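So this block is data_17.tsv, TSV, C-alpha atoms:
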chain	number	residue	atom	x	y	z
E	1	MET	CA	-0.35	-38.38	11.84
E	2	CYS	CA	2.66	-39.03	9.60
E	3	GLU	CA	1.20	-36.80	6.90
E	4	CYS	CA	0.82	-33.93	9.40
E	5	VAL	CA	4.41	-34.34	10.57
E	6	GLY	CA	5.62	-34.38	6.97
E	7	MET	CA	3.61	-31.26	6.14
E	8	ARG	CA	5.05	-29.40	9.13
E	9	ALA	CA	8.57	-30.42	8.13
E	10	LEU	CA	7.91	-29.17	4.57
E	11	ILE	CA	6.63	-25.84	5.85
E	12	ARG	CA	9.68	-25.41	8.09
E	13	SER	CA	12.13	-26.28	5.28
E	14	TRP	CA	10.76	-24.01	2.52
E	15	PRO	CA	13.02	-21.03	3.37
E	16	LEU	CA	16.02	-23.29	2.75
E	17	ALA	CA	14.61	-25.31	-0.13
E	18	VAL	CA	13.27	-22.48	-2.30
E	19	PRO	CA	16.60	-20.62	-2.80
E	20	LEU	CA	18.34	-23.89	-3.67
E	21	PHE	CA	15.52	-24.74	-6.09
E	22	ALA	CA	15.89	-21.28	-7.66
E	23	LEU	CA	19.62	-21.84	-8.14
E	24	ALA	CA	18.92	-25.22	-9.77
E	25	VAL	CA	16.42	-23.60	-12.17
E	26	LEU	CA	18.99	-20.92	-12.97
E	27	ALA	CA	21.63	-23.54	-13.79
E	28	LEU	CA	19.21	-25.42	-16.07
E	29	THR	CA	17.95	-22.38	-17.99
E	30	TRP	CA	21.02	-20.15	-18.26
E	31	GLY	CA	21.93	-19.27	-21.84
E	32	ILE	CA	19.06	-21.05	-23.59
E	33	GLU	CA	15.92	-19.81	-25.34
E	34	LEU	CA	12.97	-20.56	-23.07
E	35	PRO	CA	9.75	-22.24	-24.18
E	36	VAL	CA	6.53	-21.16	-22.46
E	37	VAL	CA	6.70	-23.91	-19.82
E	38	LEU	CA	10.19	-22.87	-18.74
E	39	VAL	CA	9.22	-19.19	-18.75
E	40	ILE	CA	6.51	-20.02	-16.19
E	41	LEU	CA	8.92	-22.15	-14.16
E	42	VAL	CA	11.53	-19.38	-14.11
E	43	ALA	CA	8.87	-16.83	-13.09
E	44	LEU	CA	7.78	-19.03	-10.19
E	45	ALA	CA	11.39	-19.58	-9.12
E	46	LEU	CA	12.07	-15.84	-9.35
E	47	ALA	CA	9.03	-14.99	-7.24
E	48	GLY	CA	10.06	-17.64	-4.72
E	49	ALA	CA	13.61	-16.31	-4.55
E	50	VAL	CA	12.34	-12.77	-3.93
E	51	SER	CA	9.99	-14.00	-1.19
E	52	THR	CA	12.67	-16.05	0.57
E	53	ALA	CA	15.14	-13.17	0.31
E	54	VAL	CA	12.72	-10.94	2.17
E	55	HIS	CA	11.91	-13.73	4.66
E	56	HIS	CA	15.57	-14.23	5.54
E	57	ALA	CA	16.05	-10.46	5.75
E	58	GLU	CA	13.19	-10.39	8.27
E	59	VAL	CA	14.84	-13.15	10.33
E	60	VAL	CA	18.11	-11.21	10.44
E	61	ALA	CA	16.13	-8.04	11.18
E	62	HIS	CA	14.31	-9.68	14.09
E	63	ARG	CA	17.63	-10.74	15.56
E	64	ILE	CA	19.05	-7.21	15.52
E	65	GLY	CA	15.73	-5.49	16.40
E	66	GLU	CA	13.92	-2.36	15.30
E	67	PRO	CA	14.51	-0.01	13.60
E	68	PHE	CA	17.38	-2.01	12.12
E	69	GLY	CA	14.88	-4.60	10.93
E	70	SER	CA	13.09	-2.24	8.56
E	71	LEU	CA	16.47	-1.01	7.33
E	72	VAL	CA	17.73	-4.52	6.51
E	73	LEU	CA	14.52	-5.32	4.67
E	74	ALA	CA	14.60	-2.07	2.68
E	75	VAL	CA	18.23	-2.57	1.66
E	76	ALA	CA	17.61	-6.20	0.65
E	77	VAL	CA	14.67	-5.17	-1.53
E	78	THR	CA	16.74	-2.38	-3.11
E	79	VAL	CA	19.58	-4.77	-3.95
E	80	ILE	CA	17.03	-6.91	-5.79
E	81	GLU	CA	15.65	-3.84	-7.56
E	82	VAL	CA	19.08	-2.64	-8.68
E	83	ALA	CA	19.95	-6.12	-9.92
E	84	LEU	CA	16.79	-6.30	-12.00
E	85	ILE	CA	17.27	-2.79	-13.44
E	86	VAL	CA	20.91	-3.28	-14.41
E	87	THR	CA	20.20	-6.73	-15.83
E	88	LEU	CA	17.38	-5.46	-18.05
E	89	MET	CA	19.34	-2.36	-19.10
E	90	VAL	CA	22.34	-4.45	-20.16
E	91	SER	CA	20.18	-6.85	-22.19
E	92	GLY	CA	17.68	-4.29	-23.50
E	93	GLY	CA	19.92	-1.74	-25.20
E	94	PRO	CA	18.93	1.91	-25.90
E	95	GLU	CA	15.21	1.21	-25.39
E	96	THR	CA	15.85	0.84	-21.66
E	97	ALA	CA	17.36	4.32	-21.22
E	98	SER	CA	14.46	5.36	-18.97
E	99	LEU	CA	14.10	2.03	-17.12
E	100	ALA	CA	15.88	3.22	-13.96
E	101	ARG	CA	13.65	6.31	-13.77
E	102	ASP	CA	10.48	4.33	-14.44
E	103	THR	CA	11.34	1.72	-11.81
E	104	VAL	CA	12.39	4.18	-9.11
E	105	PHE	CA	9.34	6.37	-9.74
E	106	ALA	CA	7.09	3.29	-9.60
E	107	ALA	CA	8.77	2.21	-6.35
E	108	VAL	CA	8.14	5.63	-4.78
E	109	MET	CA	4.48	5.62	-5.83
E	110	ILE	CA	3.94	2.03	-4.67
E	111	THR	CA	5.66	2.54	-1.31
E	112	CYS	CA	4.25	5.97	-0.43
E	113	ASN	CA	0.74	5.19	-1.68
E	114	GLY	CA	0.40	1.41	-1.89
E	115	ILE	CA	2.27	0.18	1.19
E	116	VAL	CA	1.23	3.13	3.35
E	117	GLY	CA	-2.35	3.09	2.05
E	118	ILE	CA	-2.98	-0.63	2.49
E	119	ALA	CA	-1.34	-0.63	5.92
E	120	LEU	CA	-3.51	2.28	7.06
E	121	LEU	CA	-6.66	0.70	5.66
E	122	VAL	CA	-6.04	-2.70	7.25
E	123	GLY	CA	-4.76	-1.30	10.54
E	124	ALA	CA	-7.51	1.30	10.97
E	125	THR	CA	-10.18	-1.28	10.15
E	126	ARG	CA	-8.99	-3.30	13.12
E	127	HIS	CA	-7.87	-0.54	15.51
E	128	ARG	CA	-9.95	2.49	14.30
E	129	VAL	CA	-7.14	5.07	14.65
E	130	MET	CA	-3.50	4.33	13.83
E	131	VAL	CA	-0.99	6.18	16.01
E	132	PHE	CA	2.64	6.63	15.05
E	133	ASN	CA	5.65	8.85	15.74
E	134	ALA	CA	5.33	12.01	13.63
E	135	GLU	CA	8.99	12.95	14.22
E	136	GLY	CA	10.33	9.73	12.73
E	137	ALA	CA	7.80	9.45	9.91
E	138	GLY	CA	8.21	13.13	9.07
E	139	ALA	CA	12.00	12.87	8.93
E	140	ALA	CA	11.76	9.85	6.62
E	141	LEU	CA	9.23	11.56	4.36
E	142	ALA	CA	11.32	14.77	4.17
E	143	THR	CA	14.31	12.69	3.04
E	144	VAL	CA	12.22	10.90	0.40
E	145	VAL	CA	10.89	14.21	-0.94
E	146	THR	CA	14.39	15.68	-1.20
E	147	LEU	CA	15.88	12.58	-2.84
E	148	ALA	CA	13.05	12.30	-5.37
E	149	THR	CA	13.27	15.98	-6.32
E	150	LEU	CA	17.05	15.95	-6.73
E	151	SER	CA	17.11	12.72	-8.73
E	152	MET	CA	13.94	12.73	-10.82
E	153	VAL	CA	12.56	16.28	-11.05
E	154	LEU	CA	15.67	18.41	-11.58
E	155	PRO	CA	16.90	16.45	-14.67
E	156	THR	CA	13.81	17.65	-16.54
E	157	PHE	CA	14.82	21.29	-16.04
E	158	THR	CA	18.62	21.24	-16.34
E	159	THR	CA	19.99	22.70	-19.58
E	160	THR	CA	23.60	21.46	-19.78
E	161	THR	CA	22.51	18.29	-21.60
E	162	PRO	CA	19.50	18.13	-23.97
E	163	GLY	CA	16.60	16.00	-22.77
E	164	PRO	CA	15.52	14.90	-19.30
E	165	GLN	CA	18.98	13.79	-18.24
E	166	PHE	CA	21.93	14.96	-16.19
E	167	SER	CA	25.36	15.76	-17.53
E	168	SER	CA	28.16	13.57	-16.18
E	169	GLY	CA	29.03	16.09	-13.49
E	170	GLN	CA	25.41	16.58	-12.49
E	171	LEU	CA	24.87	12.82	-12.31
E	172	ILE	CA	27.90	12.42	-10.03
E	173	PHE	CA	26.60	15.20	-7.78
E	174	ALA	CA	23.09	13.68	-7.61
E	175	ALA	CA	24.52	10.23	-6.86
E	176	LEU	CA	26.81	11.50	-4.09
E	177	ALA	CA	24.09	13.72	-2.60
E	178	SER	CA	21.61	10.83	-2.63
E	179	LEU	CA	24.05	8.46	-0.98
E	180	ALA	CA	25.07	11.06	1.63
E	181	LEU	CA	21.45	11.81	2.54
E	182	TYR	CA	20.66	8.11	2.83
E	183	VAL	CA	23.67	7.47	5.07
E	184	LEU	CA	22.76	10.47	7.24
E	185	PHE	CA	19.21	9.18	7.61
E	186	VAL	CA	20.44	5.70	8.53
E	187	PHE	CA	22.67	7.20	11.22
E	188	THR	CA	19.72	9.21	12.56
E	189	GLN	CA	17.40	6.21	12.50
E	190	THR	CA	19.74	3.70	14.10
E	191	LYS	CA	21.89	5.81	16.43
E	192	GLU	CA	21.09	9.42	17.17
E	193	HIS	CA	17.27	9.32	17.35
E	194	ARG	CA	16.40	5.65	17.28
E	195	ASP	CA	13.40	6.19	19.55
E	196	PHE	CA	11.72	8.30	16.83
E	197	PHE	CA	11.36	5.18	14.68
E	198	LEU	CA	9.98	2.75	17.25
E	199	PRO	CA	6.24	1.97	17.41
E	200	VAL	CA	4.41	4.25	19.83
E	201	GLY	CA	4.38	2.72	23.32
E	202	VAL	CA	7.13	0.21	22.47
E	203	SER	CA	10.61	0.65	23.94
E	204	ALA	CA	13.81	-0.30	22.19
E	205	GLU	CA	14.01	-3.47	24.28
E	206	ASP	CA	10.46	-4.67	23.70
E	207	ASP	CA	9.90	-7.70	21.50
E	208	HIS	CA	6.67	-9.49	20.73
E	209	ALA	CA	8.43	-12.77	20.04
E	210	PRO	CA	11.79	-14.20	21.10
E	211	PRO	CA	14.49	-13.37	18.53
E	212	PRO	CA	16.07	-16.20	16.55
E	213	THR	CA	19.33	-17.68	17.73
E	214	VAL	CA	22.66	-16.43	16.46
E	215	ARG	CA	23.04	-19.64	14.44
E	216	ALA	CA	19.63	-19.17	12.82
E	217	ALA	CA	20.46	-15.54	12.00
E	218	TRP	CA	23.74	-16.53	10.33
E	219	ILE	CA	21.98	-19.25	8.32
E	220	SER	CA	19.40	-16.72	7.19
E	221	LEU	CA	22.15	-14.28	6.21
E	222	GLY	CA	23.76	-16.96	4.07
E	223	MET	CA	20.45	-17.93	2.46
E	224	LEU	CA	19.70	-14.26	1.87
E	225	LEU	CA	22.88	-14.01	-0.22
E	226	VAL	CA	21.95	-17.20	-2.08
E	227	SER	CA	18.48	-15.81	-2.78
E	228	LEU	CA	19.91	-12.54	-4.10
E	229	VAL	CA	22.26	-14.40	-6.46
E	230	ALA	CA	19.30	-16.43	-7.72
E	231	VAL	CA	17.22	-13.28	-8.23
E	232	VAL	CA	19.93	-11.60	-10.30
E	233	GLY	CA	20.46	-14.65	-12.49
E	234	LEU	CA	16.80	-15.50	-12.98
E	235	ALA	CA	16.02	-11.87	-13.82
E	236	LYS	CA	18.58	-12.07	-16.60
E	237	VAL	CA	16.96	-15.28	-17.89
E	238	GLU	CA	13.41	-13.92	-17.60
E	239	SER	CA	14.02	-10.40	-18.95
E	240	PRO	CA	13.12	-11.14	-22.59
E	241	ALA	CA	9.81	-12.70	-21.50
E	242	ILE	CA	8.97	-9.69	-19.26
E	243	GLU	CA	9.55	-7.23	-22.08
E	244	ALA	CA	7.70	-9.40	-24.59
E	245	GLY	CA	4.74	-9.77	-22.22
E	246	VAL	CA	4.46	-6.00	-21.71
E	247	ALA	CA	4.62	-5.43	-25.47
E	248	ALA	CA	2.05	-8.17	-26.18
E	249	ALA	CA	-0.38	-6.59	-23.71
E	250	GLY	CA	-0.10	-3.31	-25.59
E	251	PHE	CA	1.33	-1.46	-22.59
E	252	PRO	CA	4.03	1.22	-22.92
E	253	GLN	CA	7.65	0.12	-22.55
E	254	SER	CA	7.83	2.14	-19.32
E	255	PHE	CA	5.43	-0.35	-17.71
E	256	VAL	CA	8.37	-2.77	-17.41
E	257	GLY	CA	9.58	-0.56	-14.54
E	258	VAL	CA	6.19	-0.91	-12.83
E	259	VAL	CA	6.40	-4.70	-13.15
E	260	ILE	CA	9.86	-4.71	-11.53
E	261	ALA	CA	8.73	-2.49	-8.67
E	262	LEU	CA	5.58	-4.54	-8.04
E	263	LEU	CA	7.63	-7.75	-8.04
E	264	VAL	CA	10.23	-6.65	-5.52
E	265	LEU	CA	7.86	-4.73	-3.22
E	266	LEU	CA	5.05	-7.27	-2.91
E	267	PRO	CA	6.62	-9.28	-0.05
E	268	GLU	CA	7.51	-6.07	1.79
E	269	THR	CA	3.89	-4.96	1.45
E	270	PHE	CA	2.84	-8.11	3.28
E	271	ALA	CA	5.31	-7.30	6.08
E	272	ALA	CA	3.92	-3.76	6.43
E	273	VAL	CA	0.33	-4.99	6.52
E	274	ARG	CA	1.18	-7.57	9.20
E	275	ALA	CA	2.78	-4.84	11.31
E	276	ALA	CA	-0.25	-2.55	10.91
E	277	ALA	CA	-2.59	-5.37	11.89
E	278	ARG	CA	-0.58	-5.67	15.13
E	279	ASP	CA	-1.03	-1.91	15.74
E	280	ARG	CA	2.60	-1.15	14.87
E	281	MET	CA	1.98	1.50	12.24
E	282	GLN	CA	5.39	3.06	12.79
E	283	THR	CA	6.99	-0.14	11.55
E	284	SER	CA	4.77	-0.02	8.45
E	285	LEU	CA	5.83	3.58	7.78
E	286	ASN	CA	9.47	2.64	8.33
E	287	LEU	CA	9.06	-0.05	5.68
E	288	GLY	CA	7.18	2.14	3.22
E	289	PHE	CA	9.23	5.34	3.42
E	290	GLY	CA	12.44	3.40	4.05
E	291	SER	CA	11.99	1.43	0.85
E	292	ALA	CA	11.26	4.59	-1.14
E	293	MET	CA	14.36	6.20	0.35
E	294	ALA	CA	16.59	3.20	-0.31
E	295	SER	CA	15.17	2.86	-3.82
E	296	ILE	CA	16.40	6.36	-4.66
E	297	GLY	CA	19.38	6.76	-2.33
E	298	LEU	CA	20.98	3.46	-3.33
E	299	THR	CA	19.63	2.83	-6.84
E	300	ILE	CA	20.65	6.17	-8.35
E	301	PRO	CA	24.32	5.88	-7.22
E	302	ALA	CA	24.42	2.25	-8.40
E	303	ILE	CA	22.96	3.16	-11.79
E	304	ALA	CA	25.36	6.11	-12.04
E	305	VAL	CA	28.29	3.71	-11.61
E	306	ALA	CA	26.73	1.18	-14.00
E	307	SER	CA	26.24	3.90	-16.64
E	308	ILE	CA	30.03	3.80	-17.21
E	309	TRP	CA	29.53	0.44	-18.93
E	310	LEU	CA	26.03	1.00	-20.31
E	311	ASP	CA	25.50	2.28	-23.84
E	312	GLY	CA	23.21	5.21	-24.59
E	313	PRO	CA	21.76	7.99	-22.42
E	314	LEU	CA	20.41	7.64	-18.90
E	315	LEU	CA	17.05	9.40	-18.74
E	316	LEU	CA	16.10	10.32	-15.17
E	317	GLY	CA	13.75	13.31	-15.53
E	318	LEU	CA	10.01	12.78	-15.05
E	319	GLY	CA	7.32	13.92	-17.46
E	320	ALA	CA	4.60	16.42	-16.58
E	321	THR	CA	1.98	13.83	-15.60
E	322	GLN	CA	4.46	11.95	-13.42
E	323	MET	CA	5.54	15.15	-11.64
E	324	VAL	CA	1.91	16.03	-10.88
E	325	LEU	CA	1.34	12.58	-9.37
E	326	LEU	CA	4.59	12.81	-7.39
E	327	ALA	CA	3.76	16.27	-6.03
E	328	LEU	CA	0.23	15.21	-5.08
E	329	THR	CA	1.59	12.09	-3.37
E	330	PHE	CA	3.97	14.15	-1.26
E	331	VAL	CA	1.33	16.70	-0.29
E	332	VAL	CA	-1.06	13.96	0.81
E	333	ALA	CA	1.72	12.08	2.62
E	334	ILE	CA	2.67	15.22	4.55
E	335	LEU	CA	-0.95	15.72	5.62
E	336	THR	CA	-1.09	12.07	6.69
E	337	VAL	CA	2.15	12.14	8.69
E	338	VAL	CA	2.07	15.51	10.47
E	339	PRO	CA	-0.77	14.75	12.96
E	340	GLY	CA	0.79	11.46	14.07
E	341	ARG	CA	-2.66	9.83	13.76
E	342	ALA	CA	-4.50	8.47	10.73
E	343	THR	CA	-7.70	6.60	9.84
E	344	ARG	CA	-9.08	4.57	6.97
E	345	LEU	CA	-9.82	7.79	5.08
E	346	GLN	CA	-6.13	8.59	4.67
E	347	GLY	CA	-5.52	5.01	3.58
E	348	GLY	CA	-8.25	5.32	0.96
E	349	VAL	CA	-6.79	8.59	-0.38
E	350	HIS	CA	-3.34	7.01	-0.80
E	351	LEU	CA	-4.83	4.00	-2.57
E	352	ALA	CA	-6.76	6.28	-4.93
E	353	LEU	CA	-3.45	7.89	-5.90
E	354	LEU	CA	-1.92	4.45	-6.45
E	355	ALA	CA	-4.84	3.51	-8.71
E	356	ALA	CA	-4.37	6.72	-10.70
E	357	PHE	CA	-0.67	5.99	-11.11
E	358	LEU	CA	-1.29	2.43	-12.34
E	359	PHE	CA	-4.05	3.51	-14.74
E	360	LEU	CA	-1.94	6.30	-16.24
E	361	ALA	CA	1.08	3.98	-16.50
E	362	ILE	CA	-1.03	1.73	-18.72
E	363	SER	CA	-2.83	4.54	-20.55
E	364	PRO	CA	-0.61	7.64	-20.48
Rendering of file as structure tokens:
Amino acid sequence: MCECVGMRALIRSWPLAVPLFALAVLALTWGIELPVVLVILVALALAGAVSTAVHHAEVVAHRIGEPFGSLVLAVAVTVIEVALIVTLMVSGGPETASLARDTVFAAVMITCNGIVGIALLVGATRHRVMVFNAEGAGAALATVVTLATLSMVLPTFTTTTPGPQFSSGQLIFAALASLALYVLFVFTQTKEHRDFFLPVGVSAEDDHAPPPTVRAAWISLGMLLVSLVAVVGLAKVESPAIEAGVAAAGFPQSFVGVVIALLVLLPETFAAVRAAARDRMQTSLNLGFGSAMASIGLTIPAIAVASIWLDGPLLLGLGATQMVLLALTFVVAILTVVPGRATRLQGGVHLALLAAFLFLAISP
């Protein structure tokens, strides 16, 4: 009986204990060369900090309700992503000139194909046909398509600066346009047309579980900030091991961006799958497209500001293979979203595109 009580207490306390453990690991490993054992410990602490950051974002999100919940989660994940990108770019030198592009592109492919595909597959297996709001999902997808094209396709074709990069003026324009589009979408999602982004058949006031108390929400907000600080610091400590591991495996340097995107989006994938299993596919789409949108709309402006202090060029333009995969992803996503209904077949198509992206990232 005592063991059961102790186990329950441990389970309840992990959201508070893990961020503090991550901070302790950060304090012990900062500024030293890590042996293999400490590399593994830092990796575990980093993964735990990411997971607890998303958990506390979900608690805050539940308190304020949908669609704000998906927005909080997407922004929290993007803050982690930006922190990892900037940290690796500062420590990696000129070789990381394309890291922001690689990470953002990987995030778009993983969210639009991985999160959406797995959610559709799991949800349709349980409920046969997944129904969602085509107006909300379509608006989100249109914003993602525009942001991705402005930020990652156009730099390949501009001629002011040689190479797949923007000039300073073009980068400022892309950053401001991305931020403006993201802010406009957030206003549409949370104020003007909030009902477009609620699960079908669920009103704005409906809740499947009682929201946490105000005190619990404030505690989670504080622990979310602690988790984000731990993520930034541990990413700095772990960055040499990440790059060395990718090189040792014989993968291209660009695969580091895929590793970052997979790391920060894994917990959010779990949240989307849980929502789909409860027949709330709209929430899953909010998470998937919202994360892709935040990844571009917030990361590009942040990297543009960071480029003032970063040495070397900032390569944002995609290559030919990447643009084909991006265009195919958007075509398939449009065909998935427009009817407002989807089955396992659509989920399988999206996952096939994700598999193609991962394979070609390893073997370009």
Nearest to E:Val86, restricted to all atoms listed in the file and choosing among E:Ala134, E:Ala235, E:Leu150, E:Phe251, comes out as E:Ala235
Which residue, E:Glu58, E:Glu268, E:Asp279, E:Asp311, has the smallest gap to E:Gly114 when you use only C-alpha atoms?
E:Glu268
Excluding E:Val214 and its own-chain neighbours fewer than 4 positions away, which residues fall within 12 Å of it when counting only C-alpha atoms? Please give them as a ChimeraX atom specification.
/E:59-64,218-221
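Interatomic distance, atom CA of E:Ala175 to atom CA of E:Thr329: 23.3 Å.
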Kindly indicate which residue among E:Val256, E:Val338, E:Ala355, E:Val273 lies nearest to E:Val116, using all atoms listed in the file for the distances.
E:Val273
Residues at most 12 Å from E:Val324, counting all atoms listed in the file, excluding those fewer than 4 positions away in the same chain, as a VMD selection string?
chain E and resid 109 153 318 to 320 328 to 331 353 356 to 357 360
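Remark: residues at most 7 Å from position (22.0, 7.0, -3.0) in file coordinates are Ala175, Leu176, Ser178, Leu179, Ala180, Tyr182, Ile296, Gly297, Leu298, Thr299, Ile300 and Pro301 of chain E, using all atoms listed in the file.
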Selected residues written out, C-alpha atoms, as a short mmCIF file (atom, residue, chain, number, x, y, z; two decimals), keeping the file's coordinate frame:
data_model
loop_
_atom_site.label_atom_id
_atom_site.label_comp_id
_atom_site.auth_asym_id
_atom_site.auth_seq_id
_atom_site.Cartn_x
_atom_site.Cartn_y
_atom_site.Cartn_z
CA ALA E 175 24.52 10.23 -6.86
CA LEU E 176 26.81 11.50 -4.09
CA SER E 178 21.61 10.83 -2.63
CA LEU E 179 24.05 8.46 -0.98
CA ALA E 180 25.07 11.06 1.63
CA TYR E 182 20.66 8.11 2.83
CA ILE E 296 16.40 6.36 -4.66
CA GLY E 297 19.38 6.76 -2.33
CA LEU E 298 20.98 3.46 -3.33
CA THR E 299 19.63 2.83 -6.84
CA ILE E 300 20.65 6.17 -8.35
CA PRO E 301 24.32 5.88 -7.22
#
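Across the structure, atom CA of E:Arg341 and atom CA of E:Met130 are spaced 5.6 Å apart.
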Need the shell around E:Val39: protein/DNA/RNA residues with any atom at most 12 Å away, counting all atoms listed in the file. Skip same-chain ones fewer than 5 positions apart. Format as a VMD selection string?
chain E and resid 25 to 26 29 to 30 32 to 34 44 to 46 234 to 242 244 to 245
Could you tell me how far atom CA of E:Val258 lies from atom CA of E:Ile303, in Å and to one decimal?
17.3 Å
For E:Ile308, which residue out of E:Leu181, E:Ile172, E:Leu351, E:Leu147 is the nearest one, using only C-alpha atoms?
E:Ile172
Skipping near chain neighbours, those fewer than 6 positions away, what residues fall within 10 Å of E:Ser254 using all atoms listed in the file, listed as a PDB file with C-alpha atoms, keeping the file's coordinate frame?
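selection-v8.pdb written:
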ATOM      1  CA  GLU E  95      15.210   1.210 -25.390  1.00  0.00           C
ATOM      2  CA  THR E  96      15.850   0.840 -21.660  1.00  0.00           C
ATOM      3  CA  ALA E  97      17.360   4.320 -21.220  1.00  0.00           C
ATOM      4  CA  SER E  98      14.460   5.360 -18.970  1.00  0.00           C
ATOM      5  CA  LEU E  99      14.100   2.030 -17.120  1.00  0.00           C
ATOM      6  CA  ALA E 100      15.880   3.220 -13.960  1.00  0.00           C
ATOM      7  CA  ARG E 101      13.650   6.310 -13.770  1.00  0.00           C
ATOM      8  CA  ASP E 102      10.480   4.330 -14.440  1.00  0.00           C
ATOM      9  CA  THR E 103      11.340   1.720 -11.810  1.00  0.00           C
ATOM     10  CA  ALA E 106       7.090   3.290  -9.600  1.00  0.00           C
ATOM     11  CA  GLU E 243       9.550  -7.230 -22.080  1.00  0.00           C
ATOM     12  CA  VAL E 246       4.460  -6.000 -21.710  1.00  0.00           C
ATOM     13  CA  ALA E 361       1.080   3.980 -16.500  1.00  0.00           C
ATOM     14  CA  ILE E 362      -1.030   1.730 -18.720  1.00  0.00           C
TER      15      ILE E 362
END
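Distances to E:Ile80 were evaluated for E:Val229, E:Arg215, E:Pro19, E:Pro364 using all atoms listed in the file, and the minimum falls at E:Val229.
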Which residues are near stretch 155-171 of chain E? Cut-off 6 Å, all atoms listed in the file, ignore same chain within fewer than 5 positions. Put them as a list in words.
Leu315, Leu316 and Gly317 of chain E
Under the rule that only C-alpha atoms are counted, which of E:Ala174, E:Ala342, E:Leu141, E:Ala53 is the nearest residue to E:Met293?
E:Leu141
Taking every listed atom of stretch 109-115 of chain E and adding 3 Å to each side, what centre and edge lengths in Å (one decimal) does the axis-aligned box have, as AutoDock Vina command-line options?
--center_x 3.0 --center_y 3.1 --center_z -2.3 --size_x 11.3 --size_y 11.8 --size_z 13.0
Limit the output to all heavy atoms and give stretch 210-214 of chain E as a compact mmCIF listing (two decimals), in the first residue's frame.
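Below you can see part_26.txt, which holds the result:
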# COMPACT_ATOMS: atom_id res chain seq x y z
N PRO E 210 -12.51 19.18 -16.23
CA PRO E 210 -12.48 20.49 -15.57
C PRO E 210 -11.11 21.13 -15.72
O PRO E 210 -10.08 20.45 -15.61
CB PRO E 210 -12.79 20.13 -14.10
CG PRO E 210 -12.46 18.68 -13.97
CD PRO E 210 -12.76 18.07 -15.30
N PRO E 211 -11.05 22.42 -16.01
CA PRO E 211 -9.76 23.08 -16.18
C PRO E 211 -9.00 23.16 -14.87
O PRO E 211 -9.61 23.10 -13.79
CB PRO E 211 -10.15 24.48 -16.68
CG PRO E 211 -11.53 24.69 -16.16
CD PRO E 211 -12.18 23.34 -16.17
N PRO E 212 -7.70 23.28 -14.91
CA PRO E 212 -6.93 23.42 -13.68
C PRO E 212 -7.24 24.74 -12.99
O PRO E 212 -7.77 25.67 -13.61
CB PRO E 212 -5.47 23.38 -14.17
CG PRO E 212 -5.54 23.82 -15.59
CD PRO E 212 -6.85 23.31 -16.11
N THR E 213 -6.93 24.82 -11.73
CA THR E 213 -7.16 26.04 -10.97
C THR E 213 -6.22 27.14 -11.45
O THR E 213 -5.22 26.88 -12.15
CB THR E 213 -6.95 25.80 -9.48
OG1 THR E 213 -5.56 25.45 -9.27
CG2 THR E 213 -7.84 24.69 -8.97
N VAL E 214 -6.54 28.37 -11.06
CA VAL E 214 -5.68 29.50 -11.42
C VAL E 214 -4.28 29.30 -10.84
O VAL E 214 -3.26 29.57 -11.50
CB VAL E 214 -6.31 30.81 -10.92
CG1 VAL E 214 -5.35 31.98 -11.14
CG2 VAL E 214 -7.63 31.07 -11.61
